[in-house]
file work-v9.pdb (PDB, C-alpha atoms)
MODEL        1
ATOM      1  CA  MET K   1     -46.684  15.909 -32.984
ATOM      2  CA  ARG K   2     -43.503  15.071 -34.858
ATOM      3  CA  PHE K   3     -40.547  16.923 -33.420
ATOM      4  CA  ASN K   4     -39.347  18.355 -36.738
ATOM      5  CA  THR K   5     -42.766  20.005 -37.197
ATOM      6  CA  PHE K   6     -42.761  21.234 -33.591
ATOM      7  CA  SER K   7     -39.240  22.656 -33.738
ATOM      8  CA  GLU K   8     -39.971  24.534 -36.970
ATOM      9  CA  SER K   9     -43.123  26.076 -35.504
ATOM     10  CA  VAL K  10     -42.055  26.771 -31.923
ATOM     11  CA  VAL K  11     -39.368  29.277 -32.892
ATOM     12  CA  LYS K  12     -42.200  31.645 -33.851
ATOM     13  CA  ILE K  13     -42.921  32.259 -30.172
ATOM     14  CA  LYS K  14     -39.743  34.336 -30.004
ATOM     15  CA  HIS K  15     -41.775  37.196 -31.435
ATOM     16  CA  LEU K  16     -44.887  36.761 -29.275
ATOM     17  CA  GLU K  17     -45.772  38.931 -26.301
ATOM     18  CA  LEU K  18     -45.874  37.035 -23.023
ATOM     19  CA  PHE K  19     -49.260  36.409 -21.392
ATOM     20  CA  GLY K  20     -47.959  36.647 -17.817
ATOM     21  CA  GLU K  21     -50.643  37.007 -15.184
ATOM     22  CA  GLN K  22     -53.392  36.433 -17.751
ATOM     23  CA  SER K  23     -52.181  32.841 -18.153
ATOM     24  CA  HIS K  24     -51.040  32.396 -14.567
ATOM     25  CA  ALA K  25     -54.476  33.299 -13.203
ATOM     26  CA  LYS K  26     -56.136  30.356 -14.963
ATOM     27  CA  MET K  27     -54.049  27.856 -13.014
ATOM     28  CA  SER K  28     -53.584  29.821  -9.795
ATOM     29  CA  PRO K  29     -54.632  28.377  -6.414
ATOM     30  CA  PRO K  30     -57.448  30.520  -4.963
ATOM     31  CA  TYR K  31     -55.413  31.747  -1.997
ATOM     32  CA  ARG K  32     -52.339  32.809  -3.972
ATOM     33  CA  LEU K  33     -53.136  36.505  -4.527
ATOM     34  CA  GLU K  34     -53.893  37.063  -0.852
ATOM     35  CA  LEU K  35     -50.715  35.256   0.183
ATOM     36  CA  ALA K  36     -48.624  37.208  -2.335
ATOM     37  CA  GLN K  37     -50.064  40.468  -1.001
ATOM     38  CA  ARG K  38     -49.125  39.503   2.564
ATOM     39  CA  MET K  39     -45.613  38.680   1.354
ATOM     40  CA  LYS K  40     -45.230  41.915  -0.623
ATOM     41  CA  GLU K  41     -42.424  43.364   1.510
ATOM     42  CA  LYS K  42     -40.582  40.070   1.910
ATOM     43  CA  ALA K  43     -40.813  39.503  -1.852
ATOM     44  CA  LYS K  44     -38.502  42.481  -2.417
ATOM     45  CA  THR K  45     -35.638  40.340  -1.138
ATOM     46  CA  ALA K  46     -36.795  37.060  -2.724
ATOM     47  CA  LYS K  47     -34.226  34.499  -3.759
ATOM     48  CA  THR K  48     -34.045  33.751  -7.477
ATOM     49  CA  ALA K  49     -34.160  30.502  -9.414
ATOM     50  CA  GLY K  50     -34.038  29.375 -13.035
ATOM     51  CA  VAL K  51     -36.024  26.437 -14.457
ATOM     52  CA  MET K  52     -36.160  24.834 -17.890
ATOM     53  CA  ALA K  53     -39.167  23.686 -19.941
ATOM     54  CA  LEU K  54     -37.245  21.317 -22.210
ATOM     55  CA  PHE K  55     -38.874  19.834 -25.309
ATOM     56  CA  TYR K  56     -37.214  17.002 -27.228
ATOM     57  CA  PRO K  57     -37.911  14.051 -29.566
ATOM     58  CA  ASP K  58     -38.346  10.516 -28.299
ATOM     59  CA  GLN K  59     -37.070   7.491 -30.227
ATOM     60  CA  LYS K  60     -40.119   7.698 -32.528
ATOM     61  CA  GLU K  61     -39.479  11.409 -33.192
ATOM     62  CA  GLU K  62     -42.574  12.448 -31.213
ATOM     63  CA  THR K  63     -42.347  15.629 -29.116
ATOM     64  CA  HIS K  64     -42.065  15.378 -25.342
ATOM     65  CA  LEU K  65     -41.555  17.699 -22.366
ATOM     66  CA  VAL K  66     -39.518  16.619 -19.352
ATOM     67  CA  LEU K  67     -40.695  17.253 -15.788
ATOM     68  CA  ILE K  68     -39.377  15.843 -12.527
ATOM     69  CA  LEU K  69     -40.951  14.453  -9.378
ATOM     70  CA  ARG K  70     -39.038  15.808  -6.422
ATOM     71  CA  LYS K  71     -37.987  13.684  -3.468
ATOM     72  CA  THR K  72     -39.935  13.713  -0.216
ATOM     73  CA  TYR K  73     -38.144  16.079   2.149
ATOM     74  CA  LYS K  74     -38.816  18.716   4.810
ATOM     75  CA  GLY K  75     -39.744  21.582   2.524
ATOM     76  CA  VAL K  76     -42.687  23.277   0.845
ATOM     77  CA  HIS K  77     -42.120  21.570  -2.534
ATOM     78  CA  SER K  78     -41.653  18.058  -1.180
ATOM     79  CA  ASN K  79     -42.865  15.270  -3.517
ATOM     80  CA  GLN K  80     -44.210  17.763  -6.066
ATOM     81  CA  VAL K  81     -43.871  17.738  -9.837
ATOM     82  CA  GLY K  82     -41.790  20.581 -11.270
ATOM     83  CA  PHE K  83     -39.377  21.624 -13.966
ATOM     84  CA  PRO K  84     -35.682  20.793 -13.795
ATOM     85  CA  GLY K  85     -34.040  23.828 -12.246
ATOM     86  CA  GLY K  86     -32.952  25.435  -9.037
ATOM     87  CA  LYS K  87     -31.473  28.290  -7.079
ATOM     88  CA  PHE K  88     -29.190  30.902  -8.615
ATOM     89  CA  GLU K  89     -25.595  30.507  -7.436
ATOM     90  CA  GLU K  90     -23.059  33.336  -7.300
ATOM     91  CA  SER K  91     -20.868  31.465  -9.781
ATOM     92  CA  ASP K  92     -23.678  31.429 -12.389
ATOM     93  CA  ASP K  93     -23.373  33.924 -15.242
ATOM     94  CA  ASN K  94     -27.116  34.597 -15.224
ATOM     95  CA  LEU K  95     -30.442  32.882 -14.544
ATOM     96  CA  MET K  96     -30.523  31.156 -17.925
ATOM     97  CA  PHE K  97     -27.178  29.600 -17.022
ATOM     98  CA  THR K  98     -28.747  28.527 -13.707
ATOM     99  CA  ALA K  99     -31.601  26.780 -15.520
ATOM    100  CA  LEU K 100     -29.209  25.025 -17.892
ATOM    101  CA  ARG K 101     -26.781  24.020 -15.122
ATOM    102  CA  GLU K 102     -29.517  22.650 -12.898
ATOM    103  CA  THR K 103     -31.101  20.761 -15.806
ATOM    104  CA  GLU K 104     -27.787  19.051 -16.450
ATOM    105  CA  GLU K 105     -27.361  18.261 -12.761
ATOM    106  CA  GLU K 106     -30.898  16.947 -12.196
ATOM    107  CA  VAL K 107     -31.655  15.029 -15.403
ATOM    108  CA  GLY K 108     -28.262  14.725 -17.118
ATOM    109  CA  VAL K 109     -28.910  16.856 -20.214
ATOM    110  CA  PRO K 110     -25.653  18.596 -21.248
ATOM    111  CA  MET K 111     -25.919  22.385 -21.179
ATOM    112  CA  ASP K 112     -24.485  22.760 -24.670
ATOM    113  CA  LYS K 113     -27.176  20.500 -26.159
ATOM    114  CA  VAL K 114     -30.040  22.839 -25.214
ATOM    115  CA  ASN K 115     -31.152  25.657 -27.500
ATOM    116  CA  VAL K 116     -33.009  28.229 -25.399
ATOM    117  CA  ILE K 117     -35.861  29.658 -27.470
ATOM    118  CA  LYS K 118     -37.601  32.065 -25.119
ATOM    119  CA  THR K 119     -37.636  33.526 -21.621
ATOM    120  CA  ILE K 120     -41.060  32.992 -20.026
ATOM    121  CA  SER K 121     -42.692  35.317 -17.474
ATOM    122  CA  PRO K 122     -41.092  35.117 -14.011
ATOM    123  CA  LEU K 123     -43.349  33.946 -11.202
ATOM    124  CA  TYR K 124     -43.173  34.715  -7.492
ATOM    125  CA  ILE K 125     -43.713  31.745  -5.149
ATOM    126  CA  PRO K 126     -44.838  33.008  -1.714
ATOM    127  CA  PRO K 127     -44.368  29.826   0.395
ATOM    128  CA  SER K 128     -40.646  29.621  -0.422
ATOM    129  CA  ASN K 129     -40.077  33.342  -1.183
ATOM    130  CA  PHE K 130     -38.539  32.598  -4.587
ATOM    131  CA  MET K 131     -38.820  34.484  -7.856
ATOM    132  CA  VAL K 132     -38.630  31.770 -10.493
ATOM    133  CA  HIS K 133     -37.503  32.522 -14.049
ATOM    134  CA  PRO K 134     -38.581  29.862 -16.576
ATOM    135  CA  TYR K 135     -37.008  29.256 -19.983
ATOM    136  CA  LEU K 136     -38.245  27.252 -22.947
ATOM    137  CA  GLY K 137     -35.566  25.140 -24.597
ATOM    138  CA  LEU K 138     -35.179  22.520 -27.306
ATOM    139  CA  MET K 139     -32.922  19.491 -27.546
ATOM    140  CA  ASN K 140     -32.784  18.153 -31.092
ATOM    141  CA  THR K 141     -31.802  14.593 -30.178
ATOM    142  CA  THR K 142     -33.329  12.041 -27.817
ATOM    143  CA  PRO K 143     -31.760  12.629 -24.391
ATOM    144  CA  GLN K 144     -30.249   9.890 -22.281
ATOM    145  CA  PHE K 145     -31.608  11.053 -18.942
ATOM    146  CA  ILE K 146     -29.553  10.523 -15.799
ATOM    147  CA  LYS K 147     -31.520  11.108 -12.589
ATOM    148  CA  GLN K 148     -29.918  12.999  -9.711
ATOM    149  CA  ASP K 149     -30.862  10.573  -6.962
ATOM    150  CA  GLU K 150     -30.371  13.042  -4.097
ATOM    151  CA  GLU K 151     -33.145  15.389  -5.276
ATOM    152  CA  VAL K 152     -35.147  13.677  -8.010
ATOM    153  CA  GLU K 153     -37.551  10.823  -7.315
ATOM    154  CA  ASP K 154     -38.549  10.294 -10.937
ATOM    155  CA  ILE K 155     -38.185  11.759 -14.429
ATOM    156  CA  LEU K 156     -41.504  12.306 -16.198
ATOM    157  CA  GLU K 157     -41.588  12.325 -19.995
ATOM    158  CA  ILE K 158     -44.786  14.106 -21.029
ATOM    159  CA  GLN K 159     -46.170  13.745 -24.537
ATOM    160  CA  LEU K 160     -46.864  17.124 -26.132
ATOM    161  CA  GLN K 161     -50.351  16.039 -27.164
ATOM    162  CA  ASP K 162     -51.193  15.151 -23.548
ATOM    163  CA  PHE K 163     -49.891  18.495 -22.314
ATOM    164  CA  LEU K 164     -52.020  20.419 -24.851
ATOM    165  CA  ASN K 165     -55.133  18.274 -24.341
ATOM    166  CA  GLU K 166     -57.780  20.322 -22.496
ATOM    167  CA  ARG K 167     -59.156  17.141 -20.921
ATOM    168  CA  ASN K 168     -55.989  16.997 -18.831
ATOM    169  CA  VAL K 169     -56.799  20.310 -17.140
ATOM    170  CA  ILE K 170     -58.707  19.398 -13.993
ATOM    171  CA  THR K 171     -59.807  20.703 -10.614
ATOM    172  CA  THR K 172     -58.678  18.741  -7.578
ATOM    173  CA  ASN K 173     -58.193  18.989  -3.815
ATOM    174  CA  VAL K 174     -54.641  19.234  -2.479
ATOM    175  CA  HIS K 175     -52.918  19.787   0.852
ATOM    176  CA  THR K 176     -51.002  23.063   0.713
ATOM    177  CA  SER K 177     -47.852  24.166   2.523
ATOM    178  CA  LEU K 178     -50.219  25.951   4.936
ATOM    179  CA  ASN K 179     -51.560  22.507   5.959
ATOM    180  CA  VAL K 180     -54.965  23.349   4.505
ATOM    181  CA  LYS K 181     -56.885  21.321   1.928
ATOM    182  CA  VAL K 182     -58.084  23.465  -0.986
ATOM    183  CA  GLU K 183     -59.556  23.008  -4.432
ATOM    184  CA  VAL K 184     -57.110  24.038  -7.153
ATOM    185  CA  PRO K 185     -56.818  23.942 -10.952
ATOM    186  CA  ALA K 186     -54.199  21.452 -12.122
ATOM    187  CA  PHE K 187     -52.819  19.416 -14.983
ATOM    188  CA  LYS K 188     -53.083  15.622 -14.832
ATOM    189  CA  LEU K 189     -49.995  14.324 -16.663
ATOM    190  CA  ASN K 190     -48.633  10.775 -16.664
ATOM    191  CA  GLY K 191     -50.860  10.002 -13.682
ATOM    192  CA  HIS K 192     -49.449  12.881 -11.608
ATOM    193  CA  ILE K 193     -51.243  16.016 -10.402
ATOM    194  CA  VAL K 194     -49.305  19.151 -11.380
ATOM    195  CA  TRP K 195     -50.519  22.273  -9.577
ATOM    196  CA  GLY K 196     -49.339  25.533  -8.043
ATOM    197  CA  ALA K 197     -46.430  27.449  -9.556
ATOM    198  CA  THR K 198     -45.480  24.702 -12.022
ATOM    199  CA  ALA K 199     -49.047  24.552 -13.360
ATOM    200  CA  MET K 200     -49.117  28.352 -13.663
ATOM    201  CA  MET K 201     -45.892  28.408 -15.689
ATOM    202  CA  LEU K 202     -47.087  25.477 -17.787
ATOM    203  CA  GLY K 203     -50.287  27.418 -18.423
ATOM    204  CA  GLU K 204     -48.389  30.283 -20.011
ATOM    205  CA  ILE K 205     -46.230  27.919 -22.075
ATOM    206  CA  LYS K 206     -49.364  26.160 -23.287
ATOM    207  CA  ASP K 207     -51.005  29.452 -24.271
ATOM    208  CA  LEU K 208     -47.876  30.490 -26.200
ATOM    209  CA  LEU K 209     -47.598  27.145 -28.007
ATOM    210  CA  LYS K 210     -51.220  27.278 -29.060
ATOM    211  CA  GLN K 211     -50.467  30.512 -30.905
ATOM    212  CA  VAL K 212     -47.903  28.853 -33.167
ATOM    213  CA  LEU K 213     -48.766  25.130 -33.465
TER     214      LEU K 213
ENDMDL
END

call {"tool": "encode", "arguments": {"input": "work-v9.pdb", "output": "structure tokens"}}
result
Amino acid sequence: MRFNTFSESVVKIKHLELFGEQSHAKMSPPYRLELAQRMKEKAKTAKTAGVMALFYPDQKEETHLVLILRKTYKGVHSNQVGFPGGKFEESDDNLMFTALRETEEEVGVPMDKVNVIKTISPLYIPPSNFMVHPYLGLMNTTPQFIKQDEEVEDILEIQLQDFLNERNVITTNVHTSLNVKVEVPAFKLNGHIVWGATAMMLGEIKDLLKQVL
């Protein structure tokens, strides 16, 4: 889809009700509800994070979404695909600022070039005890991405049409942070399997976009 058409239509989601758990459930790993229930008390003191679903035009004016492949490290989200974003810092004005700051740090998009359109439903992530707050933003020009080498393995530029294509919603087996192999719903994007919390947040974004595009 041409970006000018997308940007004119996507602003309509400002007025839509969020789908929340209704969307999240479609892409949720089967064990998540049980794990979240076990973490109910700990979740009350969860850390917070802000992430950005950033849409932008490529050189041909086609709409894309940027995701990142995280580095391999000793942590529950090692080598997984996610949104640019990160942990709230005390110096941040709010969680939207966190998402914008981290997006600039991780992929080099200047904070003042992003127009935040909507706050998406927050999502609790039991393995890391984080409450993640996603935001949907637009950049009206083609970004010159700069990868943060310490944390980002690769920058993934996803075509909007691939993201919305139902054929790219799959079921696959993955190794979880619990060291168990389970069958999960996922997106297959640019040859990568996107599952877990990122897939759940993408699911809600996809449901919202389908209301206005």

call {"tool": "residues_around", "arguments": {"input": "work-v9.pdb", "residues": "segment 82-87 of chain K", "least_positions_apart": "6", "cutoff": "9 Å", "atoms": "all atoms listed in the file", "output": "ChimeraX atom specification"}}
result
/K:47-54,66-70,95,98-107,130,132,134,194,197-199

call {"tool": "write_last_selection", "arguments": {"input": "work-v9.pdb", "atoms": "C-alpha atoms", "output": "PDB file, in the coordinates of the input"}}
result
ATOM      1  CA  LYS K  47     -34.226  34.499  -3.759  1.00  0.00           C
ATOM      2  CA  THR K  48     -34.045  33.751  -7.477  1.00  0.00           C
ATOM      3  CA  ALA K  49     -34.160  30.502  -9.414  1.00  0.00           C
ATOM      4  CA  GLY K  50     -34.038  29.375 -13.035  1.00  0.00           C
ATOM      5  CA  VAL K  51     -36.024  26.437 -14.457  1.00  0.00           C
ATOM      6  CA  MET K  52     -36.160  24.834 -17.890  1.00  0.00           C
ATOM      7  CA  ALA K  53     -39.167  23.686 -19.941  1.00  0.00           C
ATOM      8  CA  LEU K  54     -37.245  21.317 -22.210  1.00  0.00           C
ATOM      9  CA  VAL K  66     -39.518  16.619 -19.352  1.00  0.00           C
ATOM     10  CA  LEU K  67     -40.695  17.253 -15.788  1.00  0.00           C
ATOM     11  CA  ILE K  68     -39.377  15.843 -12.527  1.00  0.00           C
ATOM     12  CA  LEU K  69     -40.951  14.453  -9.378  1.00  0.00           C
ATOM     13  CA  ARG K  70     -39.038  15.808  -6.422  1.00  0.00           C
ATOM     14  CA  LEU K  95     -30.442  32.882 -14.544  1.00  0.00           C
ATOM     15  CA  THR K  98     -28.747  28.527 -13.707  1.00  0.00           C
ATOM     16  CA  ALA K  99     -31.601  26.780 -15.520  1.00  0.00           C
ATOM     17  CA  LEU K 100     -29.209  25.025 -17.892  1.00  0.00           C
ATOM     18  CA  ARG K 101     -26.781  24.020 -15.122  1.00  0.00           C
ATOM     19  CA  GLU K 102     -29.517  22.650 -12.898  1.00  0.00           C
ATOM     20  CA  THR K 103     -31.101  20.761 -15.806  1.00  0.00           C
ATOM     21  CA  GLU K 104     -27.787  19.051 -16.450  1.00  0.00           C
ATOM     22  CA  GLU K 105     -27.361  18.261 -12.761  1.00  0.00           C
ATOM     23  CA  GLU K 106     -30.898  16.947 -12.196  1.00  0.00           C
ATOM     24  CA  VAL K 107     -31.655  15.029 -15.403  1.00  0.00           C
ATOM     25  CA  PHE K 130     -38.539  32.598  -4.587  1.00  0.00           C
ATOM     26  CA  VAL K 132     -38.630  31.770 -10.493  1.00  0.00           C
ATOM     27  CA  PRO K 134     -38.581  29.862 -16.576  1.00  0.00           C
ATOM     28  CA  VAL K 194     -49.305  19.151 -11.380  1.00  0.00           C
ATOM     29  CA  ALA K 197     -46.430  27.449  -9.556  1.00  0.00           C
ATOM     30  CA  THR K 198     -45.480  24.702 -12.022  1.00  0.00           C
ATOM     31  CA  ALA K 199     -49.047  24.552 -13.360  1.00  0.00           C
TER      32      ALA K 199
END

call {"tool": "residues_near_point", "arguments": {"input": "work-v9.pdb", "point": "(-31.7, 29.3, -22.3)", "cutoff": "7 Å", "atoms": "only C-alpha atoms", "output": "PyMOL selection string"}}
result
chain K and resi 96-97+100+115-117+135-137

call {"tool": "residues_around", "arguments": {"input": "work-v9.pdb", "residues": "Ile125 of chain K", "least_positions_apart": "6", "cutoff": "12 Å", "atoms": "all atoms listed in the file", "output": "PyMOL selection string"}}
result
chain K and resi 24+28-29+32-33+35-37+39-40+42-43+46-49+76-77+131-133+177+196-198+200-201

call {"tool": "resolve_selection", "arguments": {"input": "work-v9.pdb", "expression": "the PyMOL selection byres ((chain K and resi 141) around 10)", "output": "VMD selection string"}}
result
chain K and resid 3 56 to 59 61 113 to 114 138 to 140 142 to 144

call {"tool": "atom_distance", "arguments": {"input": "work-v9.pdb", "atom1": "atom CA of Phe187 of chain K", "atom2": "atom CA of Ser9 of chain K"}}
result
23.7 Å

call {"tool": "decode", "arguments": {"input": "work-v9.pdb", "residues": "segment 54-65 of chain K", "atoms": "all heavy atoms", "output": "tab-separated table (two decimals), in the first residue's frame"}}
result
chain	number	residue	atom	x	y	z
K	54	LEU	N	6.51	1.33	14.38
K	54	LEU	CA	6.75	2.48	13.51
K	54	LEU	C	6.53	2.11	12.05
K	54	LEU	O	7.19	1.22	11.51
K	54	LEU	CB	8.19	2.98	13.70
K	54	LEU	CG	8.61	4.17	12.83
K	54	LEU	CD1	7.78	5.41	13.19
K	54	LEU	CD2	10.10	4.45	13.00
K	55	PHE	N	5.61	2.83	11.42
K	55	PHE	CA	5.32	2.66	10.00
K	55	PHE	C	5.91	3.83	9.22
K	55	PHE	O	5.88	4.98	9.70
K	55	PHE	CB	3.81	2.58	9.76
K	55	PHE	CG	3.18	1.33	10.31
K	55	PHE	CD1	2.75	1.28	11.64
K	55	PHE	CD2	3.02	0.20	9.51
K	55	PHE	CE1	2.18	0.12	12.15
K	55	PHE	CE2	2.45	-0.95	10.02
K	55	PHE	CZ	2.02	-0.99	11.34
K	56	TYR	N	6.40	3.56	8.01
K	56	TYR	CA	7.11	4.58	7.25
K	56	TYR	C	7.12	4.20	5.76
K	56	TYR	O	6.87	3.04	5.41
K	56	TYR	CB	8.55	4.69	7.76
K	56	TYR	CG	9.31	3.40	7.61
K	56	TYR	CD1	10.08	3.16	6.47
K	56	TYR	CD2	9.23	2.40	8.58
K	56	TYR	CE1	10.74	1.95	6.31
K	56	TYR	CE2	9.90	1.20	8.42
K	56	TYR	CZ	10.65	0.98	7.29
K	56	TYR	OH	11.30	-0.23	7.13
K	57	PRO	N	7.43	5.14	4.88
K	57	PRO	CA	7.55	4.82	3.45
K	57	PRO	C	8.97	4.39	3.09
K	57	PRO	O	9.94	4.95	3.62
K	57	PRO	CB	7.19	6.15	2.77
K	57	PRO	CG	7.67	7.18	3.74
K	57	PRO	CD	7.51	6.60	5.12
K	58	ASP	N	9.08	3.43	2.17
K	58	ASP	CA	10.40	3.13	1.63
K	58	ASP	C	10.68	4.07	0.45
K	58	ASP	O	9.91	5.00	0.19
K	58	ASP	CB	10.51	1.65	1.24
K	58	ASP	CG	9.64	1.27	0.04
K	58	ASP	OD1	8.94	2.15	-0.52
K	58	ASP	OD2	9.67	0.09	-0.35
K	59	GLN	N	11.73	3.83	-0.27
K	59	GLN	CA	12.11	4.71	-1.38
K	59	GLN	C	11.07	4.72	-2.50
K	59	GLN	O	11.00	5.69	-3.27
K	59	GLN	CB	13.48	4.29	-1.95
K	59	GLN	CG	14.63	4.41	-0.97
K	59	GLN	CD	15.04	5.86	-0.70
K	59	GLN	OE1	14.53	6.79	-1.32
K	59	GLN	NE2	15.97	6.05	0.23
K	60	LYS	N	10.26	3.66	-2.57
K	60	LYS	CA	9.21	3.59	-3.60
K	60	LYS	C	7.86	4.05	-3.07
K	60	LYS	O	6.83	3.85	-3.70
K	60	LYS	CB	9.11	2.16	-4.13
K	60	LYS	CG	10.37	1.68	-4.83
K	60	LYS	CD	10.21	0.25	-5.33
K	60	LYS	CE	11.47	-0.22	-6.04
K	60	LYS	NZ	11.34	-1.64	-6.51
K	61	GLU	N	7.88	4.63	-1.85
K	61	GLU	CA	6.66	5.13	-1.21
K	61	GLU	C	5.69	4.03	-0.79
K	61	GLU	O	4.50	4.26	-0.61
K	61	GLU	CB	5.93	6.15	-2.10
K	61	GLU	CG	6.68	7.45	-2.30
K	61	GLU	CD	6.85	8.23	-0.99
K	61	GLU	OE1	5.90	8.29	-0.21
K	61	GLU	OE2	7.95	8.78	-0.78
K	62	GLU	N	6.20	2.81	-0.62
K	62	GLU	CA	5.39	1.70	-0.11
K	62	GLU	C	5.53	1.64	1.41
K	62	GLU	O	6.60	1.93	1.95
K	62	GLU	CB	5.82	0.38	-0.74
K	62	GLU	CG	5.57	0.29	-2.24
K	62	GLU	CD	4.10	0.33	-2.60
K	62	GLU	OE1	3.27	-0.17	-1.81
K	62	GLU	OE2	3.76	0.88	-3.68
K	63	THR	N	4.46	1.24	2.09
K	63	THR	CA	4.43	1.26	3.56
K	63	THR	C	5.15	0.07	4.16
K	63	THR	O	4.94	-1.07	3.75
K	63	THR	CB	2.97	1.30	4.05
K	63	THR	OG1	2.30	2.39	3.44
K	63	THR	CG2	2.90	1.43	5.56
K	64	HIS	N	5.97	0.35	5.15
K	64	HIS	CA	6.71	-0.68	5.88
K	64	HIS	C	6.57	-0.47	7.39
K	64	HIS	O	6.25	0.63	7.86
K	64	HIS	CB	8.19	-0.65	5.51
K	64	HIS	CG	8.51	-1.27	4.20
K	64	HIS	ND1	8.07	-0.75	3.00
K	64	HIS	CD2	9.25	-2.37	3.88
K	64	HIS	CE1	8.51	-1.50	2.02
K	64	HIS	NE2	9.23	-2.50	2.52
K	65	LEU	N	6.86	-1.54	8.12
K	65	LEU	CA	6.93	-1.54	9.58
K	65	LEU	C	8.32	-2.03	9.96
K	65	LEU	O	8.81	-3.00	9.39
K	65	LEU	CB	5.87	-2.49	10.16
K	65	LEU	CG	6.01	-2.91	11.63
K	65	LEU	CD1	5.73	-1.74	12.55
K	65	LEU	CD2	5.07	-4.08	11.94
